[in-house]
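**Student:** I am attaching a structure below and will ask some questions about it afterwards.
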Protein chains: 2
Amino acid sequence: MTVNAKPMIATPQAMQFADVLHLQSGASLRDYTLAYETYGTLNADRSNVVLVCHALNASHHVAGVYADQTNSEGWWDNMIGPGKPVDTDHFFVIGVNNLGSCFGSTGPMHTHPDTGRVYGADFPVVTVEDWVNAQALLLDRLGITQLAAVLGGSLGGMQALSWTLQYPDRVRHAVVVASAPNLTAENIAFNEVARRAIVTDPDFHGGHFYQHGVVPQRGLRIARMVGHITYLSDDVMNEKFGRELRDAVVGSATGYKYSTQDVEFQIESYLRYQGDKFSEYFDANTYLLITRALDYFDPARTYGGNLSAAFARTAAKFLLVSFTTDWRFSPARSREMVQALVDNQRDVSYAEIDAPHGHDAFLLDDARYMNVVRSYFARISDELTTPPALAARTGGAA
Amino acid sequence: MTVNAKPMIATPQAMQFADVLHLQSGASLRDYTLAYETYGTLNADRSNVVLVCHALNASHHVAGVYADQTNSEGWWDNMIGPGKPVDTDHFFVIGVNNLGSCFGSTGPMHTHPDTGRVYGADFPVVTVEDWVNAQALLLDRLGITQLAAVLGGSLGGMQALSWTLQYPDRVRHAVVVASAPNLTAENIAFNEVARRAIVTDPDFHGGHFYQHGVVPQRGLRIARMVGHITYLSDDVMNEKFGRELRDAVVGSATGYKYSTQDVEFQIESYLRYQGDKFSEYFDANTYLLITRALDYFDPARTYGGNLSAAFARTAAKFLLVSFTTDWRFSPARSREMVQALVDNQRDVSYAEIDAPHGHDAFLLDDARYMNVVRSYFARISDELTTPPALAARTGGAA
């Protein structure tokens, strides 16, 4: 990008849905809103659509900036935009905020149409499958039958994967980055610590804290601190923070203040800052909902744990990407998915990127990672412009 | 052990110290008590003493049972006792409770002799080095000049290591299990999460909760849950708990209850139980002190981070043990110590045990691990009974 390149301007939009959405739990939602954004131009045959699914604390604001706000880059702005790996000069990209979020789509801080009261803890549990169903309804309303690609990282990758299982005919390509076919016991354990910190905060009030005029900030801080540790690798933490002190005591051999409650090490300062920041903008009920959606996702569950059997439904082509130092969703988890796709003779590309940044790597500017995604989307783009007959002939060699 | 073997009876003892103990922080303690236990018989030349140092939530009750209590086995009873790897038929074993603990030695819930009030958060910060100094004073009072061995796992291993640096002439062997020469940024990060959970619990009252008649149980629960995750390996968690539900809903495809606050998975139930139990017996200020002692330990710090330079002071022989799946104090950390000892031409044995249990493995009955420790202590025992002149001749081949 040259310095003078004009940033892409993003405009948030909202779509209202009056009809009942039946959820996996048996509960339902009605009169809900989905916040979304689009970038690029829909082509004549509506074949160039890329849906981007978001992870834990992200939103529909995937790329570009808001006209009236500085520092308002979308969360995947390095990946998506004109000339970027997912090139909005070729693709019509859609970002959707998931139900239960606190960034625009209907969530726990909105009003329950039946009771006229704020949902709070009464907001129904939503799953990855529910989100995908809601996204499909949005696409229906936008007149989009099929996606050129669905793309997501982490929890977003689970949604991309679920698209290929729930709507196999509507997805040509799925790009699943730093994701997993389900959570391990350790993953669930970290989520549970975060949830208990929130739920046991006296300011949580059983999830109805809004009417008490308080926010369970203590719990949110702890939740975010735990989360952040799992997003980074041990190596990158050592490299960025190591055992550096924030304010070493001058003239002391060790530099230590010898305090149990003050910040001593830089890593403590970093984590406290991340926790404080998060607790000021993120909704506690949303945090519970989103971590539970992660826990529940497990497409092989109803196939006796057999992922290959679960993947027999898929029809898409796949790109999977993992990062060597990601211990939250390790490369081994991506390889499980690759194997299950290969078992079904699916067209799957897999890149294991040697990157030091842990799980966070999926949001960062690693040149090899960006090139892998760029090449893959160039292939998808070629398919858009190649006459179908020719595509069918060359497709066999892909 | 045969079923009819009589258990070894342990008797807690206490030693009072009136003199001032100067601490690393510059603060001091006086009129303090150390709780300890001994097992086996001190030999005539007082050369068969093994000091066992404890980790986070353990105590001086290392082995045996209390005469009047069932299920009162010491925390390392599988390792220490008659005929066990550290054989009390040959060794006189001492367990000491560290200062700042909540299990008998002077700690935050005791009365400050200057003020007549409970210490609470005013209990001074204690370090590994302070604990070792206090242990040395206890040995002085028991008339013990030199240790046949000092032995510890995890934080206990740090104390064993520190003995060889602070009192090189008083330690013949050091056995350092599942330990590290300092904490990584990630280790500190987990400690900090635990501390923030405790300190921000409204029932903490700045560390003076005793006088309010409450205990920061919410914070202690979270602290323990976080800790437990780091004690276990991902593999053993998957094996023990996996994605098993506690009460699967009958007739549901997934078995899920679809709740953000109820226990759904077995791993959640396990962690909540561990947290609840811990919060009923462990002192919050002790937790802060002990995690800080972990954070601060770093013998290479005053040598510009050069562990080999720091270890030049050592004179002991070493056995180091690590466990392949321990991601808290990984084998790599033990290898750092081995390398630094080799750099100084020290006599060092190292065993990397292929065990699935993560950090907790150091407390468990792994046959290979037990055999390694048994063999090493048999060697130490041989040195006790071999005439010194012969020991000197055969020592070179060890």
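In the structure tokens, chains take the letters A, B, ... in the order shown, each chain's residues start at 1, and ligands count up from 1 in the order shown.
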Please provide as a list in words all residues within 7 Å of stretch 365-381 of chain A, with the sequence filter that same-chain residues fewer than 4 positions apart are discarded (counting only C-alpha atoms).

**Tutor:**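 The residues that qualify are Asn78, Pro85, Val86, His90, Ile353 and Thr385 of chain A.
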
**Student:** Sort by chain and increasing residue number a table of all residues of chain B within 7 Å of chain A, each with its closest pair of atoms and their distance in Å to one decimal, counting only C-alpha atoms, and write it as JSON lines.

**Tutor:**
{"residue": "B:Ser25", "atom": "CA", "partner": "A:Tyr258", "partner_atom": "CA", "distance": 5.9}
{"residue": "B:Val125", "atom": "CA", "partner": "A:Tyr258", "partner_atom": "CA", "distance": 6.1}
{"residue": "B:Thr184", "atom": "CA", "partner": "A:Asn238", "partner_atom": "CA", "distance": 6.5}
{"residue": "B:Ala185", "atom": "CA", "partner": "A:Gly242", "partner_atom": "CA", "distance": 5.1}
{"residue": "B:Glu186", "atom": "CA", "partner": "A:Asp234", "partner_atom": "CA", "distance": 5.7}
{"residue": "B:Ala189", "atom": "CA", "partner": "A:Glu268", "partner_atom": "CA", "distance": 6.3}
{"residue": "B:Glu192", "atom": "CA", "partner": "A:Glu268", "partner_atom": "CA", "distance": 6.3}
{"residue": "B:Val193", "atom": "CA", "partner": "A:Ile222", "partner_atom": "CA", "distance": 6.3}
{"residue": "B:Ala197", "atom": "CA", "partner": "A:Ile222", "partner_atom": "CA", "distance": 6.5}
{"residue": "B:Thr200", "atom": "CA", "partner": "A:Arg218", "partner_atom": "CA", "distance": 6.5}
{"residue": "B:Arg218", "atom": "CA", "partner": "A:Thr200", "partner_atom": "CA", "distance": 6.5}
{"residue": "B:Ile222", "atom": "CA", "partner": "A:Val193", "partner_atom": "CA", "distance": 6.3}
{"residue": "B:Met225", "atom": "CA", "partner": "A:Val193", "partner_atom": "CA", "distance": 6.5}
{"residue": "B:Val226", "atom": "CA", "partner": "A:Val193", "partner_atom": "CA", "distance": 6.8}
{"residue": "B:Ile229", "atom": "CA", "partner": "A:Glu186", "partner_atom": "CA", "distance": 6.9}
{"residue": "B:Asp234", "atom": "CA", "partner": "A:Glu186", "partner_atom": "CA", "distance": 5.7}
{"residue": "B:Met237", "atom": "CA", "partner": "A:Ala185", "partner_atom": "CA", "distance": 5.8}
{"residue": "B:Asn238", "atom": "CA", "partner": "A:Ala185", "partner_atom": "CA", "distance": 5.4}
{"residue": "B:Phe241", "atom": "CA", "partner": "A:Ala185", "partner_atom": "CA", "distance": 6.5}
{"residue": "B:Gly242", "atom": "CA", "partner": "A:Ala185", "partner_atom": "CA", "distance": 5.1}
{"residue": "B:Arg243", "atom": "CA", "partner": "A:Ala185", "partner_atom": "CA", "distance": 6.1}
{"residue": "B:Ala253", "atom": "CA", "partner": "A:Thr302", "partner_atom": "CA", "distance": 6.3}
{"residue": "B:Thr254", "atom": "CA", "partner": "A:Thr302", "partner_atom": "CA", "distance": 6.3}
{"residue": "B:Tyr258", "atom": "CA", "partner": "A:Ser25", "partner_atom": "CA", "distance": 5.8}
{"residue": "B:Ser259", "atom": "CA", "partner": "A:Val125", "partner_atom": "CA", "distance": 6.5}
{"residue": "B:Thr260", "atom": "CA", "partner": "A:Leu288", "partner_atom": "CA", "distance": 5.9}
{"residue": "B:Ile267", "atom": "CA", "partner": "A:Ala185", "partner_atom": "CA", "distance": 6.3}
{"residue": "B:Glu268", "atom": "CA", "partner": "A:Ala189", "partner_atom": "CA", "distance": 6.3}
{"residue": "B:Leu288", "atom": "CA", "partner": "A:Thr260", "partner_atom": "CA", "distance": 5.9}
{"residue": "B:Leu289", "atom": "CA", "partner": "A:Thr260", "partner_atom": "CA", "distance": 6.4}
{"residue": "B:Arg292", "atom": "CA", "partner": "A:Thr260", "partner_atom": "CA", "distance": 6.1}
{"residue": "B:Arg301", "atom": "CA", "partner": "A:Thr254", "partner_atom": "CA", "distance": 6.7}
{"residue": "B:Thr302", "atom": "CA", "partner": "A:Ala253", "partner_atom": "CA", "distance": 6.3}

**Student:** For the selection you just gave me, I'd like the residues written to a file as a compact mmCIF listing (two decimals), in the first residue's frame, keeping N, CA, C and O atoms.

**Tutor:**
# COMPACT_ATOMS: atom_id res chain seq x y z
N SER B 25 13.81 -8.60 50.84
CA SER B 25 13.15 -7.34 50.50
C SER B 25 13.66 -6.16 51.32
O SER B 25 13.34 -5.01 51.02
N VAL B 125 6.81 -9.75 52.12
CA VAL B 125 7.08 -10.61 50.97
C VAL B 125 8.27 -11.52 51.31
O VAL B 125 9.29 -11.05 51.80
N THR B 184 8.78 -18.11 33.18
CA THR B 184 8.62 -17.40 31.91
C THR B 184 7.56 -16.32 32.06
O THR B 184 6.82 -16.28 33.06
N ALA B 185 7.45 -15.48 31.06
CA ALA B 185 6.40 -14.45 31.05
C ALA B 185 5.02 -15.10 31.16
O ALA B 185 4.14 -14.60 31.86
N GLU B 186 4.84 -16.25 30.50
CA GLU B 186 3.54 -16.92 30.56
C GLU B 186 3.25 -17.45 31.97
O GLU B 186 2.12 -17.35 32.45
N ALA B 189 2.27 -14.60 33.97
CA ALA B 189 0.93 -14.16 33.54
C ALA B 189 -0.16 -14.96 34.24
O ALA B 189 -1.14 -14.40 34.74
N GLU B 192 -0.42 -13.89 37.76
CA GLU B 192 -1.02 -12.56 37.88
C GLU B 192 -2.54 -12.64 37.75
O GLU B 192 -3.27 -11.96 38.47
N VAL B 193 -3.03 -13.47 36.85
CA VAL B 193 -4.49 -13.67 36.73
C VAL B 193 -5.05 -14.15 38.07
O VAL B 193 -6.06 -13.64 38.56
N ALA B 197 -7.62 -12.05 40.49
CA ALA B 197 -8.93 -12.61 40.88
C ALA B 197 -9.11 -12.49 42.39
O ALA B 197 -10.20 -12.14 42.87
N THR B 200 -9.10 -8.49 43.58
CA THR B 200 -10.28 -7.72 43.17
C THR B 200 -11.59 -8.32 43.71
O THR B 200 -12.65 -7.76 43.47
N ARG B 218 -14.44 -16.31 46.11
CA ARG B 218 -14.60 -16.22 44.65
C ARG B 218 -13.25 -16.17 43.98
O ARG B 218 -12.97 -16.88 43.01
N ILE B 222 -11.24 -19.01 41.46
CA ILE B 222 -10.71 -18.73 40.12
C ILE B 222 -9.21 -19.03 40.08
O ILE B 222 -8.71 -19.65 39.12
N MET B 225 -8.67 -22.72 39.85
CA MET B 225 -9.06 -23.26 38.54
C MET B 225 -7.96 -22.99 37.51
O MET B 225 -7.57 -23.88 36.75
N VAL B 226 -7.48 -21.76 37.49
CA VAL B 226 -6.39 -21.42 36.56
C VAL B 226 -5.18 -22.29 36.83
O VAL B 226 -4.59 -22.87 35.92
N ILE B 229 -5.46 -25.92 35.57
CA ILE B 229 -5.28 -26.10 34.12
C ILE B 229 -3.80 -26.21 33.79
O ILE B 229 -3.40 -27.04 32.97
N ASP B 234 -2.71 -31.06 28.27
CA ASP B 234 -3.85 -31.09 27.36
C ASP B 234 -4.27 -32.54 27.12
O ASP B 234 -5.46 -32.88 27.16
N MET B 237 -6.00 -34.18 30.15
CA MET B 237 -7.35 -33.60 30.28
C MET B 237 -8.30 -34.22 29.26
O MET B 237 -9.45 -34.51 29.58
N ASN B 238 -7.81 -34.38 28.04
CA ASN B 238 -8.65 -35.01 27.01
C ASN B 238 -8.96 -36.46 27.37
O ASN B 238 -10.08 -36.92 27.17
N PHE B 241 -11.27 -36.26 30.76
CA PHE B 241 -12.56 -35.56 30.67
C PHE B 241 -13.07 -35.44 29.24
O PHE B 241 -14.27 -35.56 29.00
N GLY B 242 -12.15 -35.19 28.32
CA GLY B 242 -12.55 -35.02 26.93
C GLY B 242 -13.68 -34.02 26.83
O GLY B 242 -13.65 -32.96 27.45
N ARG B 243 -14.69 -34.36 26.02
CA ARG B 243 -15.86 -33.50 25.87
C ARG B 243 -17.08 -34.17 26.52
O ARG B 243 -18.22 -33.90 26.17
N ALA B 253 -30.13 -34.88 20.47
CA ALA B 253 -29.07 -35.33 19.55
C ALA B 253 -27.69 -35.02 20.11
O ALA B 253 -26.77 -35.83 20.02
N THR B 254 -27.54 -33.84 20.68
CA THR B 254 -26.23 -33.44 21.19
C THR B 254 -26.05 -33.77 22.67
O THR B 254 -24.93 -33.88 23.15
N TYR B 258 -27.78 -26.56 26.82
CA TYR B 258 -27.78 -25.19 26.28
C TYR B 258 -27.95 -24.16 27.38
O TYR B 258 -28.97 -23.49 27.49
N SER B 259 -26.93 -24.06 28.21
CA SER B 259 -26.90 -23.10 29.30
C SER B 259 -25.52 -22.49 29.41
O SER B 259 -24.51 -23.19 29.25
N THR B 260 -25.46 -21.20 29.67
CA THR B 260 -24.15 -20.56 29.82
C THR B 260 -23.63 -20.67 31.24
O THR B 260 -22.44 -20.49 31.48
N ILE B 267 -15.29 -31.51 32.60
CA ILE B 267 -14.12 -30.71 32.97
C ILE B 267 -14.54 -29.49 33.79
O ILE B 267 -13.83 -29.07 34.71
N GLU B 268 -15.70 -28.95 33.50
CA GLU B 268 -16.19 -27.80 34.28
C GLU B 268 -16.50 -28.22 35.70
O GLU B 268 -16.18 -27.52 36.67
N LEU B 288 -1.02 -15.17 47.46
CA LEU B 288 -0.29 -14.05 46.85
C LEU B 288 1.21 -14.18 47.13
O LEU B 288 2.04 -14.00 46.23
N LEU B 289 1.55 -14.48 48.38
CA LEU B 289 2.97 -14.56 48.75
C LEU B 289 3.69 -15.67 47.98
O LEU B 289 4.81 -15.48 47.49
N ARG B 292 4.17 -14.94 44.33
CA ARG B 292 5.22 -13.94 44.15
C ARG B 292 6.61 -14.52 44.36
O ARG B 292 7.56 -14.14 43.65
N ARG B 301 19.54 -13.60 37.62
CA ARG B 301 19.20 -12.18 37.43
C ARG B 301 20.39 -11.26 37.74
O ARG B 301 20.68 -10.35 36.96
N THR B 302 21.06 -11.51 38.86
CA THR B 302 22.17 -10.63 39.24
C THR B 302 23.46 -11.00 38.50
O THR B 302 24.52 -10.43 38.77

**Student:** To one decimal place in Å, what is the distance between atom CA of A:Phe103 and atom CA of A:Leu56?

**Tutor:** 11.5 Å

**Student:** Any chance you could list, as number ranges by chain, the residues in stretch 163-234 of chain A that come up strand (DSSP E or B) when DSSP is run on the backbone?

**Tutor:** A: 171, 173-177

**Student:** Output the selection as a PDB file, in the first residue's frame - C-alpha atoms for each residue.

**Tutor:**
ATOM      1  CA  VAL A 171     -20.437 -22.627  -0.646  1.00  0.00           C
ATOM      2  CA  HIS A 173     -14.794 -22.515  -1.164  1.00  0.00           C
ATOM      3  CA  ALA A 174     -14.227 -22.463   2.579  1.00  0.00           C
ATOM      4  CA  VAL A 175     -11.146 -20.867   4.115  1.00  0.00           C
ATOM      5  CA  VAL A 176     -10.704 -22.031   7.693  1.00  0.00           C
ATOM      6  CA  VAL A 177      -7.844 -20.357   9.554  1.00  0.00           C
TER       7      VAL A 177
END

**Student:** Could you pull out all residues of stretch 68-202 of chain B with a DSSP call of helix (DSSP H, G or I) and give them as number ranges by chain?

**Tutor:** B: 120-122, 128-141, 155-166, 168-170, 185-199, 202

**Student:** Any idea what's packed within 12 Å of B:Gly153, counting only C-alpha atoms, ignoring anything in its chain fewer than 6 positions away? Could you give it as a count of residues only?

**Tutor:** 32
